[in-house]
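Data block for my_file32.txt (compact mmCIF, C-alpha atoms and all ligand atoms):
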```
# COMPACT_ATOMS: atom_id res chain seq x y z
CA MET R 1 27.83 101.84 -74.48
CA VAL R 2 28.91 99.23 -72.04
CA LYS R 3 28.54 100.28 -68.48
CA SER R 4 29.70 98.54 -65.39
CA HIS R 5 27.48 97.96 -62.41
CA PHE R 6 29.04 100.99 -60.83
CA SER R 7 28.21 103.61 -63.43
CA CYS R 8 28.00 107.22 -62.40
CA THR R 9 24.27 107.00 -61.78
CA VAL R 10 25.24 105.31 -58.55
CA SER R 11 25.63 108.18 -56.16
CA TYR R 12 26.79 108.78 -52.67
CA GLN R 13 23.65 107.61 -50.98
CA PHE R 14 24.72 104.13 -51.97
CA ASP R 15 27.53 104.83 -49.61
CA ILE R 16 28.98 101.99 -47.56
CA ALA R 17 27.10 99.35 -49.46
CA ILE R 18 29.43 99.72 -52.42
CA GLY R 19 32.52 99.45 -50.34
CA GLU R 20 31.15 96.29 -48.84
CA TYR R 21 29.99 94.94 -52.19
CA MET R 22 33.32 95.55 -53.83
CA LYS R 23 34.99 93.96 -50.89
CA ASP R 24 32.99 90.85 -51.66
CA LYS R 25 34.16 91.10 -55.27
CA GLY R 26 37.70 90.92 -54.08
CA VAL R 27 38.44 94.64 -54.02
CA ASN R 28 38.80 96.00 -50.53
CA ILE R 29 38.08 99.67 -51.20
CA ASN R 30 38.04 100.55 -47.52
CA GLY R 31 41.47 99.04 -47.04
CA TYR R 32 42.80 100.69 -50.19
CA ILE R 33 41.56 104.11 -49.08
CA ASP R 34 42.78 103.58 -45.57
CA ALA R 35 46.26 102.87 -46.88
CA MET R 36 46.21 106.21 -48.73
CA ALA R 37 46.14 107.88 -45.28
CA ILE R 38 44.51 111.07 -46.52
CA GLN R 39 44.54 113.99 -44.16
CA GLU R 40 41.30 115.60 -43.11
CA GLY R 41 40.04 118.23 -45.54
CA THR R 42 42.18 117.09 -48.44
CA THR R 43 41.62 115.22 -51.70
CA MET R 44 43.96 112.72 -53.26
CA ARG R 45 44.08 111.05 -56.66
CA SER R 46 45.28 107.57 -57.27
CA ASP R 47 44.93 104.64 -59.65
CA CYS R 48 41.47 103.10 -59.43
CA PRO R 49 41.43 99.90 -57.39
CA VAL R 50 38.35 98.71 -59.31
CA CYS R 51 39.02 99.39 -63.00
CA GLY R 52 42.76 99.91 -62.69
CA HIS R 53 42.65 103.15 -64.67
CA LYS R 54 45.59 105.46 -64.02
CA ASN R 55 45.02 108.32 -61.61
CA SER R 56 41.23 108.36 -62.08
CA PHE R 57 40.32 107.55 -58.49
CA SER R 58 39.63 110.58 -56.32
CA VAL R 59 39.23 110.40 -52.55
CA THR R 60 38.31 113.23 -50.21
CA ASN R 61 38.54 113.08 -46.46
CA MET R 62 35.62 115.20 -45.20
CA GLY R 63 36.42 114.71 -41.56
CA ASN R 64 33.60 112.47 -40.37
CA SER R 65 33.42 110.58 -43.65
CA ILE R 66 35.39 109.85 -46.79
CA VAL R 67 33.93 110.12 -50.30
CA TYR R 68 35.49 108.52 -53.34
CA ASN R 69 34.80 108.18 -57.03
CA CYS R 70 36.43 107.09 -60.24
CA PHE R 71 36.34 109.56 -63.12
CA TYR R 72 36.80 106.90 -65.74
CA ALA R 73 33.46 106.78 -67.56
CA ASP R 74 33.21 103.03 -67.90
CA CYS R 75 33.90 102.55 -64.21
CA GLY R 76 32.39 105.41 -62.24
CA VAL R 77 32.64 103.60 -58.94
CA SER R 78 31.77 105.94 -56.13
CA GLY R 79 30.81 105.83 -52.51
CA LYS R 80 31.13 107.16 -49.06
CA ILE R 81 32.69 105.56 -46.03
CA ARG R 82 31.91 106.53 -42.51
CA HIS R 83 35.06 106.82 -40.44
CA GLY R 84 33.97 104.01 -38.22
CA LEU R 85 34.68 101.57 -41.02
CA LEU R 86 38.28 102.56 -41.47
CA SER R 87 41.20 100.56 -40.27
CA TYR R 88 40.31 98.68 -37.14
CA GLY R 89 44.02 98.46 -36.42
CA ARG R 90 44.46 102.20 -36.40
CA LEU R 91 41.31 102.78 -34.38
CA ARG R 92 42.39 100.22 -31.81
CA LYS R 93 45.74 101.92 -31.47
CA GLU R 94 44.08 105.29 -31.02
CA LYS R 95 41.68 103.88 -28.44
CA ARG R 96 44.56 102.34 -26.52
CA ARG R 97 46.40 105.65 -26.50
CA LEU R 98 43.33 107.37 -25.07
CA ASN R 99 42.81 104.66 -22.47
CA LEU R 100 46.40 104.87 -21.39
CA SER R 101 46.34 108.65 -21.07
CA MET R 102 43.21 108.27 -18.95
CA TYR R 103 44.93 105.79 -16.63
CA SER R 104 48.27 107.53 -16.57
CA GLN R 105 46.91 110.71 -15.03
CA TYR R 106 46.90 108.66 -11.82
CA PHE R 107 50.54 107.60 -12.20
CA VAL R 108 52.72 109.34 -9.63
CA PRO R 109 56.27 108.82 -8.36
CA VAL R 110 56.81 105.58 -6.49
CA SER R 111 58.12 107.57 -3.51
CA ARG R 112 54.55 108.58 -2.71
CA SER R 113 53.91 105.16 -1.18
CA GLN R 114 56.09 103.41 1.38
CA LYS R 115 54.53 100.13 0.31
CA ALA R 116 55.56 100.71 -3.31
CA VAL R 117 59.13 101.56 -2.30
CA GLN R 118 59.16 98.41 -0.17
CA TYR R 119 57.93 96.31 -3.09
CA ILE R 120 60.77 97.61 -5.27
CA ASN R 121 63.35 96.87 -2.59
CA ASP R 122 61.98 93.41 -1.82
CA ASN R 123 61.72 92.16 -5.40
CA ASN R 124 65.12 92.84 -6.87
CA ILE R 125 63.81 95.84 -8.80
CA LYS R 126 65.87 98.56 -7.13
CA HIS R 127 68.91 98.23 -9.40
CA ALA R 128 66.83 98.73 -12.55
CA TYR R 129 64.79 101.46 -10.90
CA ASP R 130 67.79 103.44 -9.60
CA ASN R 131 69.57 103.20 -12.95
CA LYS R 132 66.40 104.09 -14.86
CA TYR R 133 66.45 100.82 -16.81
CA ALA R 134 62.71 100.76 -16.28
CA ARG R 135 60.24 103.55 -15.81
CA ILE R 136 58.29 102.57 -12.75
CA GLU R 137 55.49 104.56 -11.24
CA LEU R 138 52.70 104.28 -8.71
CA ASP R 139 49.08 104.09 -9.79
CA ILE R 140 47.67 106.08 -6.92
CA ARG R 141 44.07 105.23 -7.76
CA GLU R 142 44.47 101.48 -7.91
CA ASN R 143 47.46 101.23 -5.61
CA ARG R 144 49.72 99.40 -8.06
CA VAL R 145 53.38 99.56 -8.89
CA VAL R 146 53.32 100.30 -12.61
CA PHE R 147 55.93 99.17 -15.13
CA THR R 148 55.53 101.30 -18.25
CA ILE R 149 56.00 99.81 -21.69
CA PHE R 150 57.43 101.63 -24.69
CA ASP R 151 57.11 100.77 -28.36
CA ASP R 152 59.73 100.94 -31.12
CA ALA R 153 59.22 104.67 -31.43
CA HIS R 154 59.93 105.10 -27.69
CA LEU R 155 56.33 106.07 -27.03
CA MET R 156 54.65 104.84 -23.91
CA THR R 157 52.20 102.38 -25.32
CA ASP R 158 51.11 100.24 -22.41
CA ALA R 159 51.70 99.56 -18.74
CA VAL R 160 51.58 96.65 -16.34
CA GLY R 161 50.62 97.20 -12.73
CA ARG R 162 51.28 94.94 -9.77
CA SER R 163 48.68 95.29 -7.05
CA LEU R 164 49.97 96.33 -3.62
CA THR R 165 46.70 95.28 -2.03
CA ASN R 166 44.47 92.27 -2.49
CA LYS R 167 42.88 93.94 -5.46
CA LYS R 168 42.44 91.60 -8.42
CA PRO R 169 43.99 91.04 -10.84
CA LYS R 170 47.34 90.83 -9.17
CA TRP R 171 48.97 91.94 -12.42
CA LYS R 172 46.96 94.33 -14.54
CA ARG R 173 47.75 94.98 -18.17
CA TYR R 174 46.33 98.42 -18.82
CA CYS R 175 46.06 98.15 -22.61
CA SER R 176 46.35 95.15 -24.88
CA SER R 177 49.24 96.48 -26.92
CA ARG R 178 51.11 93.27 -27.81
CA VAL R 179 54.36 95.03 -26.94
CA PRO R 180 56.59 93.29 -24.38
CA PHE R 181 58.08 94.93 -21.32
CA ILE R 182 61.81 95.37 -22.01
CA THR R 183 64.35 97.01 -19.74
CA SER R 184 66.26 99.87 -21.33
CA ASN R 185 69.82 98.94 -20.36
CA ARG R 186 72.16 97.92 -23.16
CA SER R 187 73.36 94.43 -23.98
CA ASP R 188 73.41 92.04 -26.93
CA THR R 189 71.74 89.49 -24.70
CA CYS R 190 68.19 89.42 -23.47
CA VAL R 191 66.75 87.14 -20.83
CA ILE R 192 63.11 86.26 -21.37
CA VAL R 193 61.25 85.86 -18.10
CA GLU R 194 57.65 85.72 -17.00
CA ASP R 195 57.10 88.96 -15.07
CA CYS R 196 58.36 92.55 -15.01
CA ALA R 197 60.01 92.30 -11.58
CA SER R 198 62.16 89.38 -12.76
CA ALA R 199 62.98 91.29 -15.97
CA CYS R 200 64.26 94.13 -13.79
CA ALA R 201 66.17 91.70 -11.58
CA VAL R 202 68.31 90.25 -14.38
CA THR R 203 69.69 93.70 -15.29
CA GLN R 204 72.03 93.19 -12.33
CA ALA R 205 73.96 90.75 -14.53
CA ASP R 206 74.19 93.30 -17.37
CA VAL R 207 71.65 91.61 -19.59
CA VAL R 208 68.34 93.03 -20.81
CA GLY R 209 65.15 91.67 -19.25
CA VAL R 210 62.08 90.88 -21.36
CA ALA R 211 58.81 89.98 -19.63
CA LEU R 212 56.20 87.77 -21.29
CA MET R 213 53.52 88.72 -18.75
CA GLY R 214 51.41 85.64 -19.09
CA THR R 215 51.43 85.50 -22.87
CA ASN R 216 53.03 82.96 -25.06
CA LEU R 217 55.53 84.51 -27.36
CA VAL R 218 53.26 86.42 -29.70
CA ASP R 219 54.50 87.21 -33.18
CA ASN R 220 54.74 90.85 -32.38
CA TYR R 221 57.19 90.18 -29.55
CA ILE R 222 59.64 88.55 -31.93
CA SER R 223 60.32 91.79 -33.76
CA TYR R 224 61.43 93.25 -30.44
CA ILE R 225 63.49 90.27 -29.38
CA LYS R 226 65.33 89.48 -32.59
CA LYS R 227 67.33 92.72 -32.27
CA PHE R 228 69.47 90.90 -29.72
CA LYS R 229 72.22 88.47 -30.65
CA THR R 230 71.41 86.04 -27.88
CA ALA R 231 68.24 85.16 -26.02
CA VAL R 232 68.10 83.19 -22.80
CA VAL R 233 64.64 81.79 -22.16
CA CYS R 234 64.33 81.51 -18.44
CA LEU R 235 60.97 80.21 -17.27
CA ASP R 236 59.62 78.00 -14.54
CA LYS R 237 60.40 74.35 -15.08
CA ASP R 238 56.67 73.68 -15.07
CA ALA R 239 56.54 75.76 -18.23
CA SER R 240 59.24 73.78 -20.02
CA GLN R 241 57.05 73.13 -23.03
CA LYS R 242 56.45 76.85 -23.40
CA SER R 243 60.20 77.50 -23.05
CA LEU R 244 61.06 75.07 -25.78
CA THR R 245 58.38 76.42 -28.10
CA ILE R 246 59.73 79.92 -27.62
CA ALA R 247 63.32 78.78 -28.15
CA LYS R 248 62.33 77.05 -31.37
CA GLU R 249 60.56 80.17 -32.54
CA LEU R 250 63.58 82.39 -31.87
CA PHE R 251 66.19 79.99 -33.12
CA ALA R 252 65.86 81.24 -36.70
CA HIS R 253 66.89 84.72 -35.61
CA MET R 254 69.53 84.36 -32.92
CA SER R 255 71.35 82.02 -30.60
CA VAL R 256 69.06 80.74 -27.89
CA HIS R 257 69.57 79.11 -24.50
CA ASN R 258 67.05 77.61 -22.12
CA ILE R 259 67.28 77.79 -18.36
CA PHE R 260 64.62 76.10 -16.29
CA ILE R 261 64.13 77.60 -12.87
CA GLU R 262 62.43 76.45 -9.71
CA THR R 263 62.03 79.76 -7.91
CA ASP R 264 61.22 83.28 -9.05
CA ILE R 265 64.27 85.28 -10.12
CA LYS R 266 62.88 88.23 -8.21
CA THR R 267 63.58 86.30 -5.00
CA TRP R 268 67.19 85.41 -5.89
CA HIS R 269 70.33 86.79 -4.31
CA VAL R 270 72.33 89.03 -6.62
CA ASP R 271 75.20 86.51 -6.61
CA LYS R 272 72.95 83.85 -8.07
CA ILE R 273 71.69 86.27 -10.72
CA ASN R 274 75.26 87.05 -11.71
CA GLU R 275 76.28 83.42 -11.70
CA LYS R 276 73.39 82.36 -13.95
CA PHE R 277 73.30 85.21 -16.45
CA ARG R 278 76.56 87.15 -16.55
CA VAL R 279 78.15 84.43 -18.65
CA TYR R 280 75.73 85.40 -21.44
CA SER R 281 76.18 89.16 -21.12
CA SER R 282 78.09 91.10 -23.72
ZN ZN R 301 37.64 103.07 -61.88
```
Is it possible to give me this structure as structure tokens?
Amino acid sequence: MVKSHFSCTVSYQFDIAIGEYMKDKGVNINGYIDAMAIQEGTTMRSDCPVCGHKNSFSVTNMGNSIVYNCFYADCGVSGKIRHGLLSYGRLRKEKRRLNLSMYSQYFVPVSRSQKAVQYINDNNIKHAYDNKYARIELDIRENRVVFTIFDDAHLMTDAVGRSLTNKKPKWKRYCSSRVPFITSNRSDTCVIVEDCASACAVTQADVVGVALMGTNLVDNYISYIKKFKTAVVCLDKDASQKSLTIAKELFAHMSVHNIFIETDIKTWHVDKINEKFRVYSS
């Protein structure tokens, strides 16, 4: 009888090694099992990723580990995966959520600090704040004005905090979520700017503000931006190369304009904001 390397004599103590070995053979068992998303305490059957046999692959989520085996006699692949080896993506997301909930217990209303209120008034943020186009809070522990960031599912997924003291960094990204800060007002046009205060400022011209926050346009941002019909890339003229790269990137999805600026939008008079951006609003 022909037996594969992974006959049933191979038992659980072989554990992760098999997963790793098969991965080297071109079958990513860990990834396959991860995609099955099996709830704790349950068993699922599926086609075997190794031999391809129909419905012979059984996987049980035991809580702190996952055991799997193929019932097909000539295959018999089996193993055990510690949870730590499952989906780095999912673990990262979970870790971020925990980090954020740890930080956000120190988020309180902006009104608790005169300095925070002043910052909002002085940086063209008040319109967005008053109309709830942005959820802005005060990080009482670090003394920062915090702009919260929501993902596609409207869950708070990250936050960016501007220091009200000399505390470094001036802008702190609480979690590395790869989700942009976007104001929640409605328009078919978004204006892509560098920082959250400027993103809030442009809402005065009835366009949506998107803040890059020091990043180049990462792939993940595009899925958020391409929902708009028009994008206006509005960055410092010293960053013209970056502007053009972003425009090129977005051009496949929407109509794109570039505006090169010499001063921060957050310092502009409302008339100038209207004059520059209202023409694009819809
Ligand atoms: Zn099999």
>> Report as a ChimeraX atom specification all protein, DNA and RNA residues lying within 6 Å of Ile192 of chain R, evaluated on all atoms listed in the file, omitting residues in the same chain fewer than 6 positions from it.
In response: /R:210-211,233-234
> So which residues are near ligand ZN 301 (chain R), meaning at most 6 Å away with only C-alpha atoms and all ligand atoms counted, given back as JSON, numbers by chain?
Replying inline: {"R": [48, 50, 51, 53, 70, 72, 75, 76, 77]}
> So how far away is atom CA of Lys126 of chain R from atom CA of Trp268 of chain R, in Å?
Replying inline: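 Value for the atom CA of Trp268 of chain R-atom CA of Lys126 of chain R distance: 13.3 Å.
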Report as a Markdown table the residues of segment 118-200 of chain R within 12 Å of segment 251-264 of chain R, each with its shortest atom pair and distance in Å (one decimal), using all atoms listed in the file, ordered by chain and increasing residue number.
```
| residue | atom | partner | partner_atom | distance |
| --- | --- | --- | --- | --- |
| R:Asn123 | CA | R:Asp264 | CA | 9.6 |
| R:Asn124 | CA | R:Asp264 | CA | 10.6 |
| R:Asp188 | CA | R:Met254 | CA | 10.5 |
| R:Thr189 | CA | R:Ser255 | CA | 9.5 |
| R:Cys190 | CA | R:Val256 | CA | 9.8 |
| R:Val191 | CA | R:His257 | CA | 9.3 |
| R:Ile192 | CA | R:Asn258 | CA | 9.5 |
| R:Val193 | CA | R:Asp264 | CA | 9.4 |
| R:Glu194 | CA | R:Asp264 | CA | 9.0 |
| R:Asp195 | CA | R:Asp264 | CA | 9.2 |
| R:Cys196 | CA | R:Asp264 | CA | 11.4 |
| R:Ala197 | CA | R:Asp264 | CA | 9.4 |
| R:Ser198 | CA | R:Asp264 | CA | 7.2 |
| R:Ala199 | CA | R:Asp264 | CA | 10.7 |
```
> Neighbours of Lys170 of chain R within 10 Å (all atoms listed in the file; same-chain residues fewer than 5 positions away dropped), as an MDAnalysis selection string?
Replying inline: chainID R and resid 144 161:165
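Between Pro180 of chain R and the residues R:Ala231, R:Leu212, R:Ala37, R:Ala134, the shortest atom-to-atom distance, using all atoms listed in the file, involves R:Leu212.
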> How far is it from atom CA of Asn64 of chain R to atom CA of Arg82 of chain R, in Å with one decimal?
Replying inline: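 We find that atom CA of Asn64 of chain R and atom CA of Arg82 of chain R lie 6.5 Å from each other.
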>> One number please: atom CA of Lys168 of chain R to atom CA of Ser101 of chain R, in Å, one decimal.
In response: 21.6 Å
> Do you know which residues are at most 9 Å from Leu100 of chain R counting only C-alpha atoms, after dropping those on the same chain fewer than 2 positions away, and could you put them as a PyMOL selection string?
Replying inline: chain R and resi 95-98+102-105+156-159+174-175
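Closest approach to Ile225 of chain R among R:Asp74, R:Asp206, R:Asp238, R:Glu249 is made by R:Glu249 (distances from all atoms listed in the file).
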> Which one is closest to Ile33 of chain R: R:Ala73, R:Ile81, R:Ala247, R:Val232? Count all atoms listed in the file.
Replying inline: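 Selected residue with least distance to Ile33 of chain R: R:Ile81.
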> Looking at R:Asp47, R:Arg278, R:Gly214, R:Thr245, which one is nearest to Lys172 of chain R, with distances taken over all atoms listed in the file?
Replying inline: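 When distances to Lys172 of chain R are compared using all atoms listed in the file, the smallest one comes from R:Gly214.
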